[in-house]
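work_28.cif follows (mmCIF, C-alpha atoms and all ligand atoms):
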data_work
loop_
_atom_site.label_atom_id
_atom_site.label_comp_id
_atom_site.auth_asym_id
_atom_site.auth_seq_id
_atom_site.Cartn_x
_atom_site.Cartn_y
_atom_site.Cartn_z
CA MET O 1 -32.24 88.55 -91.64
CA GLN O 2 -33.56 92.12 -91.43
CA ARG O 3 -33.26 93.50 -87.90
CA SER O 4 -36.00 95.65 -86.34
CA SER O 5 -35.51 98.76 -84.25
CA ILE O 6 -37.30 101.30 -82.07
CA LEU O 7 -37.59 104.20 -84.54
CA GLY O 8 -39.46 106.54 -82.22
CA ILE O 9 -41.01 106.66 -78.77
CA GLY O 10 -43.69 108.78 -77.08
CA HIS O 11 -45.84 109.00 -73.98
CA TYR O 12 -48.81 110.72 -72.43
CA VAL O 13 -50.16 110.97 -68.88
CA PRO O 14 -53.43 112.58 -67.78
CA THR O 15 -53.13 116.00 -66.12
CA LYS O 16 -54.87 115.06 -62.85
CA VAL O 17 -52.31 114.42 -60.10
CA VAL O 18 -53.51 112.39 -57.10
CA THR O 19 -51.18 112.29 -54.09
CA ASN O 20 -50.95 109.69 -51.34
CA ASP O 21 -52.54 112.22 -48.99
CA ASP O 22 -55.51 112.48 -51.38
CA LEU O 23 -55.95 108.70 -51.16
CA ALA O 24 -55.68 108.81 -47.36
CA LYS O 25 -58.96 110.76 -47.38
CA LEU O 26 -60.70 107.76 -48.98
CA MET O 27 -59.18 104.85 -47.02
CA THR O 28 -56.96 104.10 -44.03
CA THR O 29 -53.52 104.61 -45.48
CA SER O 30 -50.72 107.15 -45.28
CA ASP O 31 -48.07 108.78 -47.41
CA GLU O 32 -45.47 107.16 -45.15
CA TRP O 33 -46.87 103.60 -45.61
CA ILE O 34 -47.11 103.93 -49.39
CA VAL O 35 -43.70 105.59 -49.88
CA GLN O 36 -41.88 103.17 -47.56
CA ARG O 37 -43.34 100.05 -49.16
CA THR O 38 -43.53 101.08 -52.82
CA GLY O 39 -41.74 104.39 -53.51
CA ILE O 40 -44.95 105.88 -54.93
CA LYS O 41 -45.73 109.50 -54.04
CA GLU O 42 -48.40 110.34 -56.57
CA ARG O 43 -50.10 109.00 -59.67
CA ARG O 44 -52.09 110.40 -62.60
CA PHE O 45 -55.77 109.60 -63.08
CA ILE O 46 -58.07 110.41 -66.00
CA GLU O 47 -59.94 113.65 -65.43
CA ARG O 48 -63.44 112.31 -66.14
CA SER O 49 -65.45 109.28 -67.16
CA GLY O 50 -65.48 108.69 -70.92
CA ILE O 51 -61.69 108.60 -71.40
CA GLY O 52 -60.46 105.13 -72.33
CA ALA O 53 -57.03 103.57 -72.84
CA SER O 54 -57.23 104.32 -76.57
CA ASP O 55 -57.77 108.03 -75.82
CA LEU O 56 -54.59 108.18 -73.73
CA ALA O 57 -52.80 106.32 -76.51
CA VAL O 58 -53.54 108.93 -79.20
CA PRO O 59 -51.14 111.69 -77.98
CA ALA O 60 -48.51 109.06 -77.09
CA CYS O 61 -48.69 107.69 -80.65
CA GLU O 62 -48.50 111.18 -82.17
CA MET O 63 -45.36 111.87 -80.13
CA ALA O 64 -43.81 108.55 -81.19
CA LEU O 65 -44.58 109.17 -84.88
CA GLU O 66 -43.05 112.64 -84.70
CA HIS O 67 -39.98 111.25 -82.94
CA ALA O 68 -39.62 108.56 -85.61
CA LYS O 69 -40.18 111.18 -88.34
CA ILE O 70 -42.68 108.85 -89.93
CA ASP O 71 -46.03 109.84 -91.43
CA LYS O 72 -48.89 107.88 -89.88
CA LYS O 73 -49.81 106.64 -93.38
CA LYS O 74 -46.66 104.50 -93.25
CA ILE O 75 -48.00 102.54 -90.24
CA ASP O 76 -49.15 99.16 -91.49
CA ALA O 77 -50.05 97.44 -88.20
CA ILE O 78 -51.05 98.32 -84.63
CA VAL O 79 -50.27 96.25 -81.54
CA PHE O 80 -52.06 97.49 -78.41
CA ALA O 81 -51.03 96.12 -75.01
CA THR O 82 -53.45 96.77 -72.16
CA LEU O 83 -55.20 95.10 -69.24
CA SER O 84 -57.79 97.88 -69.21
CA PRO O 85 -59.26 97.90 -72.73
CA ASP O 86 -61.84 100.62 -73.44
CA HIS O 87 -64.50 97.90 -73.68
CA ASN O 88 -64.53 94.08 -73.42
CA PHE O 89 -64.55 93.88 -77.19
CA PRO O 90 -63.48 94.89 -79.77
CA GLY O 91 -59.88 95.52 -78.78
CA SER O 92 -58.54 98.98 -77.99
CA GLY O 93 -56.35 98.76 -81.11
CA CYS O 94 -59.49 99.05 -83.27
CA PHE O 95 -60.64 102.16 -81.38
CA LEU O 96 -57.16 103.63 -81.65
CA GLY O 97 -56.86 102.98 -85.40
CA ASP O 98 -60.14 104.84 -85.92
CA LYS O 99 -59.08 107.77 -83.72
CA LEU O 100 -55.74 108.06 -85.53
CA GLY O 101 -57.42 107.84 -88.95
CA LEU O 102 -55.88 104.55 -90.04
CA PRO O 103 -58.73 102.65 -91.73
CA GLY O 104 -57.89 99.13 -92.83
CA VAL O 105 -54.72 98.88 -90.76
CA PRO O 106 -54.76 95.60 -88.76
CA ALA O 107 -54.99 96.01 -84.99
CA LEU O 108 -54.05 93.36 -82.46
CA ASP O 109 -54.67 93.62 -78.72
CA VAL O 110 -52.21 91.96 -76.36
CA ARG O 111 -53.43 91.00 -72.87
CA ASN O 112 -50.28 90.33 -70.90
CA GLN O 113 -50.59 92.96 -68.20
CA CYS O 114 -47.27 94.36 -66.92
CA SER O 115 -45.34 92.32 -69.51
CA GLY O 116 -47.69 93.42 -72.31
CA PHE O 117 -45.32 95.88 -73.93
CA LEU O 118 -42.53 93.30 -74.16
CA TYR O 119 -44.93 90.67 -75.53
CA GLY O 120 -46.04 93.26 -78.10
CA LEU O 121 -42.42 94.14 -78.88
CA SER O 122 -41.75 90.50 -79.66
CA ILE O 123 -44.67 90.39 -82.12
CA ALA O 124 -43.71 93.68 -83.79
CA ASP O 125 -40.07 92.57 -84.01
CA ALA O 126 -41.02 89.25 -85.65
CA TRP O 127 -43.35 90.95 -88.16
CA VAL O 128 -40.72 93.48 -89.21
CA ARG O 129 -37.90 90.93 -89.42
CA ALA O 130 -40.04 88.55 -91.47
CA GLY O 131 -41.14 91.36 -93.80
CA VAL O 132 -44.84 90.94 -92.92
CA TYR O 133 -45.20 94.61 -91.90
CA GLU O 134 -42.74 97.50 -92.23
CA ASN O 135 -43.78 99.93 -89.52
CA VAL O 136 -45.68 98.74 -86.47
CA LEU O 137 -47.23 101.14 -83.96
CA LEU O 138 -46.77 99.45 -80.59
CA VAL O 139 -48.78 100.87 -77.71
CA GLY O 140 -49.09 100.26 -73.98
CA ALA O 141 -51.92 102.20 -72.35
CA GLU O 142 -53.98 101.86 -69.20
CA VAL O 143 -56.91 103.47 -67.43
CA HIS O 144 -56.84 101.99 -63.93
CA LEU O 145 -58.97 104.56 -62.15
CA THR O 146 -62.26 103.02 -63.27
CA GLY O 147 -61.13 99.50 -62.31
CA ILE O 148 -59.79 99.90 -58.78
CA GLU O 149 -61.69 100.25 -55.52
CA LEU O 150 -60.76 103.58 -53.98
CA ALA O 151 -62.08 102.59 -50.55
CA GLU O 152 -61.01 100.67 -47.43
CA ARG O 153 -61.51 97.20 -48.93
CA GLY O 154 -59.46 97.93 -52.04
CA ARG O 155 -56.61 99.84 -50.37
CA ASP O 156 -53.93 97.18 -50.89
CA ILE O 157 -54.23 97.56 -54.69
CA ALA O 158 -55.75 101.01 -55.14
CA VAL O 159 -52.63 102.81 -53.93
CA LEU O 160 -50.36 101.07 -56.44
CA PHE O 161 -51.77 101.94 -59.85
CA GLY O 162 -51.94 104.97 -62.14
CA ASP O 163 -53.13 105.86 -65.65
CA GLY O 164 -50.89 106.57 -68.63
CA ALA O 165 -49.78 105.61 -72.12
CA GLY O 166 -46.60 104.95 -74.05
CA ALA O 167 -46.04 104.17 -77.73
CA ALA O 168 -43.21 103.12 -80.02
CA VAL O 169 -42.76 102.87 -83.77
CA ILE O 170 -41.03 99.59 -84.60
CA GLY O 171 -39.51 99.42 -88.07
CA LYS O 172 -36.46 98.32 -90.01
CA ALA O 173 -33.02 98.98 -88.53
CA THR O 174 -30.88 100.99 -90.92
CA ARG O 175 -27.73 101.85 -88.98
CA GLU O 176 -25.00 99.31 -88.33
CA ASN O 177 -25.38 97.64 -84.93
CA GLU O 178 -28.80 99.27 -84.33
CA GLY O 179 -31.83 97.23 -83.34
CA ILE O 180 -33.50 94.67 -81.12
CA LYS O 181 -30.82 92.20 -80.01
CA SER O 182 -32.83 89.86 -77.84
CA ILE O 183 -36.31 89.33 -76.43
CA LYS O 184 -37.33 86.54 -74.05
CA LEU O 185 -40.85 85.96 -72.77
CA HIS O 186 -42.26 83.64 -70.09
CA ALA O 187 -45.54 82.75 -68.40
CA ASP O 188 -46.59 80.48 -65.54
CA GLY O 189 -50.32 80.11 -64.97
CA ALA O 190 -49.70 78.49 -61.60
CA GLY O 191 -49.69 82.10 -60.39
CA ALA O 192 -52.75 83.19 -62.38
CA LYS O 193 -54.95 83.78 -59.35
CA GLU O 194 -52.27 85.57 -57.33
CA LEU O 195 -53.06 88.75 -59.26
CA TRP O 196 -56.27 88.69 -61.22
CA LEU O 197 -59.63 90.19 -62.00
CA GLU O 198 -62.18 87.43 -61.54
CA ALA O 199 -65.31 88.85 -63.16
CA PRO O 200 -67.03 89.44 -65.51
CA ALA O 201 -65.99 85.93 -66.52
CA SER O 202 -66.95 83.73 -69.45
CA ALA O 203 -66.31 80.86 -67.03
CA TYR O 204 -69.44 81.85 -65.07
CA ALA O 205 -73.06 82.02 -66.17
CA PRO O 206 -74.05 84.75 -65.80
CA ARG O 207 -70.69 86.43 -66.12
CA LEU O 208 -71.50 89.01 -63.47
CA THR O 209 -74.19 88.93 -60.77
CA PRO O 210 -75.32 91.53 -58.22
CA GLU O 211 -73.74 89.26 -55.56
CA MET O 212 -70.38 89.37 -57.32
CA LEU O 213 -70.61 93.15 -57.43
CA VAL O 214 -71.28 93.26 -53.69
CA GLU O 215 -68.31 90.93 -53.06
CA GLY O 216 -66.11 93.09 -55.28
CA LYS O 217 -65.21 90.32 -57.75
CA HIS O 218 -65.04 92.99 -60.46
CA TYR O 219 -62.01 94.54 -58.73
CA PRO O 220 -58.49 93.11 -59.01
CA ALA O 221 -57.26 90.85 -56.20
CA MET O 222 -53.61 90.34 -55.37
CA ASN O 223 -51.34 88.34 -53.12
CA GLY O 224 -48.74 91.10 -52.90
CA LYS O 225 -46.11 89.06 -51.09
CA GLN O 226 -46.19 86.26 -53.70
CA VAL O 227 -45.95 88.78 -56.55
CA PHE O 228 -42.98 90.40 -54.83
CA ARG O 229 -41.19 87.06 -54.30
CA TRP O 230 -41.66 85.95 -57.90
CA ALA O 231 -40.68 89.34 -59.34
CA ILE O 232 -37.33 89.53 -57.56
CA GLU O 233 -36.47 86.03 -58.78
CA LYS O 234 -37.79 86.09 -62.34
CA MET O 235 -36.66 89.55 -63.41
CA PRO O 236 -32.93 88.90 -62.80
CA GLU O 237 -33.31 85.44 -64.40
CA VAL O 238 -34.74 86.82 -67.65
CA VAL O 239 -32.19 89.66 -67.70
CA ARG O 240 -29.40 87.08 -67.65
CA GLU O 241 -31.10 85.25 -70.55
CA VAL O 242 -31.36 88.32 -72.78
CA MET O 243 -27.86 89.48 -71.90
CA THR O 244 -26.46 86.13 -72.99
CA GLU O 245 -28.37 86.18 -76.27
CA SER O 246 -27.49 89.81 -77.01
CA LYS O 247 -23.77 89.06 -76.59
CA LEU O 248 -23.45 92.32 -74.66
CA SER O 249 -22.25 92.60 -71.07
CA LEU O 250 -24.17 94.41 -68.33
CA GLU O 251 -21.35 96.98 -68.25
CA GLN O 252 -22.24 97.84 -71.85
CA ILE O 253 -25.83 98.64 -70.90
CA ASP O 254 -26.39 102.42 -70.81
CA LEU O 255 -29.95 102.42 -69.50
CA PHE O 256 -32.09 99.87 -67.64
CA VAL O 257 -35.87 100.35 -67.96
CA PRO O 258 -37.50 97.95 -65.51
CA HIS O 259 -41.24 97.68 -65.03
CA GLN O 260 -42.32 99.99 -62.20
CA ALA O 261 -44.42 97.95 -59.76
CA ASN O 262 -42.46 98.72 -56.64
CA LEU O 263 -39.23 100.68 -56.14
CA ARG O 264 -37.98 98.05 -53.70
CA ILE O 265 -38.40 95.29 -56.29
CA ASN O 266 -36.26 97.25 -58.76
CA GLN O 267 -33.62 98.09 -56.15
CA MET O 268 -33.34 94.39 -55.30
CA VAL O 269 -33.17 93.43 -59.00
CA CYS O 270 -30.37 95.98 -59.57
CA ALA O 271 -28.49 94.72 -56.49
CA LYS O 272 -28.76 91.08 -57.59
CA LEU O 273 -27.46 91.89 -61.06
CA GLY O 274 -24.88 94.47 -60.01
CA ILE O 275 -26.51 97.22 -62.09
CA PRO O 276 -25.87 100.67 -60.58
CA GLU O 277 -29.21 102.26 -59.65
CA SER O 278 -28.08 105.41 -61.50
CA LYS O 279 -28.57 103.46 -64.74
CA ALA O 280 -32.12 102.40 -63.86
CA VAL O 281 -35.22 104.41 -64.69
CA ALA O 282 -37.30 105.10 -61.57
CA ASN O 283 -40.43 107.14 -62.20
CA ILE O 284 -42.82 105.14 -59.99
CA GLU O 285 -42.70 108.07 -57.55
CA LYS O 286 -44.68 110.19 -60.07
CA TYR O 287 -46.88 107.66 -61.83
CA GLY O 288 -47.30 104.50 -59.73
CA ASN O 289 -47.66 101.28 -61.70
CA THR O 290 -49.00 102.04 -65.17
CA THR O 291 -48.82 98.36 -66.22
CA ALA O 292 -48.37 97.97 -70.02
CA ALA O 293 -47.62 101.70 -70.37
CA THR O 294 -44.71 101.63 -67.93
CA ILE O 295 -41.81 100.57 -70.13
CA PRO O 296 -42.50 102.88 -73.12
CA LEU O 297 -43.31 105.73 -70.73
CA GLY O 298 -40.04 105.17 -68.89
CA LEU O 299 -37.99 105.00 -72.10
CA SER O 300 -39.71 108.03 -73.61
CA GLU O 301 -39.05 110.22 -70.58
CA ALA O 302 -35.46 109.00 -70.22
CA TRP O 303 -34.75 109.66 -73.91
CA ARG O 304 -36.13 113.21 -73.66
CA GLU O 305 -34.12 113.80 -70.46
CA GLY O 306 -30.97 112.87 -72.41
CA ARG O 307 -30.35 109.65 -70.43
CA CYS O 308 -30.14 107.69 -73.72
CA ASP O 309 -29.90 108.41 -77.44
CA ARG O 310 -29.37 106.68 -80.79
CA GLY O 311 -26.63 104.11 -80.26
CA SER O 312 -27.39 103.53 -76.56
CA ASN O 313 -27.78 99.98 -75.32
CA VAL O 314 -31.03 99.65 -73.38
CA LEU O 315 -32.21 96.76 -71.21
CA PHE O 316 -35.88 96.12 -70.41
CA ALA O 317 -37.42 93.75 -67.84
CA ALA O 318 -40.96 93.22 -66.62
CA PHE O 319 -42.95 90.96 -64.33
CA GLY O 320 -46.67 90.86 -63.69
CA SER O 321 -50.03 89.14 -63.61
CA GLY O 322 -50.22 85.77 -65.32
CA PHE O 323 -47.66 85.32 -64.03
CA THR O 324 -45.90 86.69 -67.09
CA TRP O 325 -42.42 88.10 -67.40
CA GLY O 326 -39.94 89.10 -70.04
CA GLY O 327 -36.81 90.98 -70.98
CA ALA O 328 -35.24 92.64 -73.99
CA VAL O 329 -31.97 94.25 -75.10
CA VAL O 330 -32.12 96.96 -77.75
CA THR O 331 -29.52 99.22 -79.31
CA LEU O 332 -31.41 102.43 -80.07
C1 LIG N 401 -48.35 95.40 -52.05
C2 LIG N 401 -47.10 95.54 -51.20
C3 LIG N 401 -46.57 96.95 -51.29
C4 LIG N 401 -47.51 95.28 -49.74
O1 LIG N 401 -46.36 95.34 -48.94
P1 LIG N 401 -46.16 94.28 -47.75
O2 LIG N 401 -44.96 94.69 -47.02
O3 LIG N 401 -46.20 92.94 -48.37
O4 LIG N 401 -47.39 94.58 -46.87
P2 LIG N 401 -48.49 93.56 -46.36
O5 LIG N 401 -49.33 93.12 -47.51
O6 LIG N 401 -47.81 92.55 -45.51
O7 LIG N 401 -49.35 94.49 -45.47
C5 LIG N 401 -48.88 94.95 -44.24
C6 LIG N 401 -50.04 95.59 -43.51
O8 LIG N 401 -50.43 96.80 -44.19
C7 LIG N 401 -51.84 96.76 -44.45
N1 LIG N 401 -52.11 97.47 -45.70
C8 LIG N 401 -52.39 96.96 -46.93
N2 LIG N 401 -52.59 97.96 -47.80
C9 LIG N 401 -52.39 99.11 -47.11
C10 LIG N 401 -52.44 100.46 -47.48
N3 LIG N 401 -52.72 100.86 -48.72
N4 LIG N 401 -52.18 101.38 -46.53
C11 LIG N 401 -51.92 101.03 -45.27
N5 LIG N 401 -51.85 99.76 -44.87
C12 LIG N 401 -52.10 98.81 -45.78
C13 LIG N 401 -52.18 95.30 -44.51
O9 LIG N 401 -53.55 95.12 -44.24
C14 LIG N 401 -51.27 94.71 -43.45
O10 LIG N 401 -51.86 94.92 -42.22
P3 LIG N 401 -51.75 93.79 -41.05
O11 LIG N 401 -50.27 93.62 -40.82
O12 LIG N 401 -52.47 94.40 -39.93
O13 LIG N 401 -52.38 92.57 -41.62
C15 LIG N 401 -46.02 94.52 -51.61
O14 LIG N 401 -46.41 93.23 -51.24
C16 LIG N 401 -45.75 94.59 -53.07
O15 LIG N 401 -45.33 95.61 -53.61
N6 LIG N 401 -45.94 93.48 -53.79
C17 LIG N 401 -45.81 93.46 -55.20
C18 LIG N 401 -47.04 94.04 -55.79
C19 LIG N 401 -46.93 94.27 -57.25
O16 LIG N 401 -45.88 94.41 -57.76
N7 LIG N 401 -48.09 94.32 -57.91
C20 LIG N 401 -48.18 94.61 -59.27
C21 LIG N 401 -47.61 93.52 -60.08
S1 LIG N 401 -47.07 94.03 -61.58
#

Take the structure in the file and give it back as structure tokens.
Amino acid sequence: MQRSSILGIGHYVPTKVVTNDDLAKLMTTSDEWIVQRTGIKERRFIERSGIGASDLAVPACEMALEHAKIDKKKIDAIVFATLSPDHNFPGSGCFLGDKLGLPGVPALDVRNQCSGFLYGLSIADAWVRAGVYENVLLVGAEVHLTGIELAERGRDIAVLFGDGAGAAVIGKATRENEGIKSIKLHADGAGAKELWLEAPASAYAPRLTPEMLVEGKHYPAMNGKQVFRWAIEKMPEVVREVMTESKLSLEQIDLFVPHQANLRINQMVCAKLGIPESKAVANIEKYGNTTAATIPLGLSEAWREGRCDRGSNVLFAAFGSGFTWGGAVVTL
């Protein structure tokens, strides 16, 4: 069967840098607390209201198309992973298609939070291998600023997230050995309320009330310790699964791009698997957790820094809200 491959990759982050000290002016926190617990030093936030996830995605997609040396007219499907869509509906993929000038091209939104890019990769991979579409534009983009509570009550979550976008062109593999070797996805809704955004909710009538706004139900809520525990167990587990299916050994992996939720999580995952930290991408210090954007952003930066190139074996792993998690092995 035809194999699919990452033909090009790109990213974009807003220009506004917000440091931990900036956040400490809005809530009781400190640079020391945030760095010690998470590794985050600063994050990017959109510069003004009116910029949505699809806006951040545009320059990331243009960079990915240029990298792939593919004209946008060759894109025949869009997959857009985000937990922060521009609006509740339609999906951000529709807004993006319009902004890129791709009328008629199908656009699918994927709502799998930190694992969204890997869920999207699985869809794009299946479409290309089955011959349904030839070149899929796969995006992960998030605007968190407008969804977090930058105040005392929201401090546990507000310090963790940042805005950004990443994009990949997924198309047919042409070189021998190139391509996506394995993808494994998982979900367990038993953890759904450990990291969630309760309202607006179709489960409630009305979906949002003034009382819910006062209670802050429109902000994400998280049981950080549970998320941490699950992440350090499930990420190594799924890595072992994809390594087995790929028939490659961990020694043959040139670059590990883990989701960036917490530097300590990734250090523990590397230690459990015996992956040297020098092989792992760690950009959480600059961007915080950019959710679905994290993996393409990490790969795009690493590729441009010369940490990987065509022919490199790359390992991905993610864990997040849902709970959802996944892994992939790709030869670039
Ligand atoms: C969020 C996380 C960094 C918190 O670290 P922790 O060591 O578990 O810290 P705790 O939640 O026990 O909080 C310790 C104390 O710091 C306080 N605290 C919480 N947020 C704080 C902040 N931003 N600044 C300062 N103190 C804070 C807590 O209120 C608590 O105070 P208390 O001991 O008086 O009750 C950690 O649990 C984590 O990274 N979890 C995974 C989160 C994640 O990955 N989320 C995204 C999923 S993709």

I want to know what sits within 6 Å of Arg43 of chain O, based on all atoms listed in the file, with residues of the same chain fewer than 5 positions away left out; could you give that as a list in words? Val17, Val18, Gly162, Lys286, Tyr287 and Gly288 of chain O

Counting only C-alpha atoms and all ligand atoms, which residues in chain O sit no more than 6 Å from ligand LIG 401 (chain N)? For each one, give the nearest pair of atoms and the distance in Å, sorted by chain then residue number, as JSON lines.
{"residue": "O:Thr29", "atom": "CA", "partner": "N:LIG401", "partner_atom": "N4", "distance": 3.7}
{"residue": "O:Trp33", "atom": "CA", "partner": "N:LIG401", "partner_atom": "C11", "distance": 5.7}
{"residue": "O:Arg37", "atom": "CA", "partner": "N:LIG401", "partner_atom": "C3", "distance": 5.0}
{"residue": "O:Thr38", "atom": "CA", "partner": "N:LIG401", "partner_atom": "C3", "distance": 5.4}
{"residue": "O:Cys114", "atom": "CA", "partner": "N:LIG401", "partner_atom": "S1", "distance": 5.4}
{"residue": "O:Arg155", "atom": "CA", "partner": "N:LIG401", "partner_atom": "N3", "distance": 4.3}
{"residue": "O:Asp156", "atom": "CA", "partner": "N:LIG401", "partner_atom": "N2", "distance": 3.5}
{"residue": "O:Val159", "atom": "CA", "partner": "N:LIG401", "partner_atom": "N3", "distance": 5.6}
{"residue": "O:Gly224", "atom": "CA", "partner": "N:LIG401", "partner_atom": "O14", "distance": 3.6}
{"residue": "O:Lys225", "atom": "CA", "partner": "N:LIG401", "partner_atom": "O14", "distance": 4.2}
{"residue": "O:Val227", "atom": "CA", "partner": "N:LIG401", "partner_atom": "C17", "distance": 4.9}
{"residue": "O:Phe228", "atom": "CA", "partner": "N:LIG401", "partner_atom": "C17", "distance": 4.2}
{"residue": "O:Ala261", "atom": "CA", "partner": "N:LIG401", "partner_atom": "O16", "distance": 4.3}
{"residue": "O:Asn262", "atom": "CA", "partner": "N:LIG401", "partner_atom": "O15", "distance": 5.2}
{"residue": "O:Phe319", "atom": "CA", "partner": "N:LIG401", "partner_atom": "S1", "distance": 5.8}
{"residue": "O:Gly320", "atom": "CA", "partner": "N:LIG401", "partner_atom": "S1", "distance": 3.8}

Could the residues in this selection be written to a file with C-alpha atoms, as a CSV table (one decimal), in the coordinates of the input?
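Resulting contents of result18.csv:
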chain,number,residue,atom,x,y,z
O,29,THR,CA,-53.5,104.6,-45.5
O,33,TRP,CA,-46.9,103.6,-45.6
O,37,ARG,CA,-43.3,100.0,-49.2
O,38,THR,CA,-43.5,101.1,-52.8
O,114,CYS,CA,-47.3,94.4,-66.9
O,155,ARG,CA,-56.6,99.8,-50.4
O,156,ASP,CA,-53.9,97.2,-50.9
O,159,VAL,CA,-52.6,102.8,-53.9
O,224,GLY,CA,-48.7,91.1,-52.9
O,225,LYS,CA,-46.1,89.1,-51.1
O,227,VAL,CA,-46.0,88.8,-56.6
O,228,PHE,CA,-43.0,90.4,-54.8
O,261,ALA,CA,-44.4,98.0,-59.8
O,262,ASN,CA,-42.5,98.7,-56.6
O,319,PHE,CA,-43.0,91.0,-64.3
O,320,GLY,CA,-46.7,90.9,-63.7

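Between atom CA of Ala190 of chain O and atom CA of Tyr219 of chain O lies a distance of 20.4 Å.
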
Please provide as a PyMOL selection string all residues within 9 Å of segment 181-186 of chain O, with the sequence filter that same-chain residues fewer than 3 positions apart are discarded (counting all atoms listed in the file). chain O and resi 3-4+115+118-119+121-122+178+238-239+241-247+323-331

Sort by chain and increasing residue number a table of all residues of segment 127-186 of chain O within 7 Å of segment 80-94 of chain O, each with its closest pair of atoms and their distance in Å to one decimal, counting only C-alpha atoms, and write it as CSV.
residue,atom,partner,partner_atom,distance
O:Leu138,CA,O:Phe80,CA,6.0
O:Val139,CA,O:Phe80,CA,4.8
O:Gly140,CA,O:Ala81,CA,4.7
O:Ala141,CA,O:Thr82,CA,5.6
O:Glu142,CA,O:Ser84,CA,5.5
O:Val143,CA,O:Ser84,CA,5.9
O:His144,CA,O:Ser84,CA,6.8

Listed atoms of segment 104-114 of chain O boxed axis-aligned with 5 Å per side, centre + edges as JSON:
{"center_x": -52.6, "center_y": 94.7, "center_z": -79.9, "size_x": 20.6, "size_y": 18.8, "size_z": 35.9}

Give as a list in words each residue that has an atom at most 9 Å from (-54.7, 107.3, -79.4) in the file, counting only C-alpha atoms.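 The answer, in the requested form, is Ala53, Ser54, Asp55, Leu56, Ala57, Val58, Pro59, Ala60, Cys61, Glu62, Gly93, Phe95, Leu96, Gly97, Asp98, Lys99, Leu100, Val139 and Ala165 of chain O.
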
Selection file, C-alpha atoms, as an mmCIF file, in the frame of the given file:
data_model
loop_
_atom_site.group_PDB
_atom_site.id
_atom_site.type_symbol
_atom_site.label_atom_id
_atom_site.label_comp_id
_atom_site.auth_asym_id
_atom_site.auth_seq_id
_atom_site.Cartn_x
_atom_site.Cartn_y
_atom_site.Cartn_z
ATOM 1 C CA ALA O 53 -57.030 103.570 -72.840
ATOM 2 C CA SER O 54 -57.230 104.320 -76.570
ATOM 3 C CA ASP O 55 -57.770 108.030 -75.820
ATOM 4 C CA LEU O 56 -54.590 108.180 -73.730
ATOM 5 C CA ALA O 57 -52.800 106.320 -76.510
ATOM 6 C CA VAL O 58 -53.540 108.930 -79.200
ATOM 7 C CA PRO O 59 -51.140 111.690 -77.980
ATOM 8 C CA ALA O 60 -48.510 109.060 -77.090
ATOM 9 C CA CYS O 61 -48.690 107.690 -80.650
ATOM 10 C CA GLU O 62 -48.500 111.180 -82.170
ATOM 11 C CA GLY O 93 -56.350 98.760 -81.110
ATOM 12 C CA PHE O 95 -60.640 102.160 -81.380
ATOM 13 C CA LEU O 96 -57.160 103.630 -81.650
ATOM 14 C CA GLY O 97 -56.860 102.980 -85.400
ATOM 15 C CA ASP O 98 -60.140 104.840 -85.920
ATOM 16 C CA LYS O 99 -59.080 107.770 -83.720
ATOM 17 C CA LEU O 100 -55.740 108.060 -85.530
ATOM 18 C CA VAL O 139 -48.780 100.870 -77.710
ATOM 19 C CA ALA O 165 -49.780 105.610 -72.120
#

Distance query segment 8-15 of chain O at most 8 Å, all atoms listed in the file, self and fewer than 6 positions along chain excluded, as an MDAnalysis selection string: chainID O and resid 44:47 56:57 59:69 163:170 296:297 299:301

Of the listed residues O:Ala302, O:Met235, O:Ala130, O:Val35, that which approaches Val269 of chain O most closely, counting only C-alpha atoms: O:Met235

If I put a ball of radius 12 Å at (-51.8, 84.3, -58.4) in the file's coordinates, which residues poke into it when counting all atoms listed in the file, written as an MDAnalysis selection string? chainID O and resid 187:198 220:230 320:324

Would you please work out which residue, of O:Thr146, O:Thr19, O:Gln113, O:Gln36, is nearest to Ile51 of chain O when using all atoms listed in the file?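 Answer, going by the shortest atom-to-atom distance: O:Thr146.
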
Go through O:Met268, O:Val136, O:Val128, O:Leu102 one by one, measure the shortest atom-to-atom distance of each to Lys234 of chain O using only C-alpha atoms, and give the residue with the smallest value.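 Distance minimum relative to Lys234 of chain O lands on O:Met268.
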
Interatomic distance between atom CA of Thr209 of chain O and atom CA of Ala158 of chain O? 22.8 Å
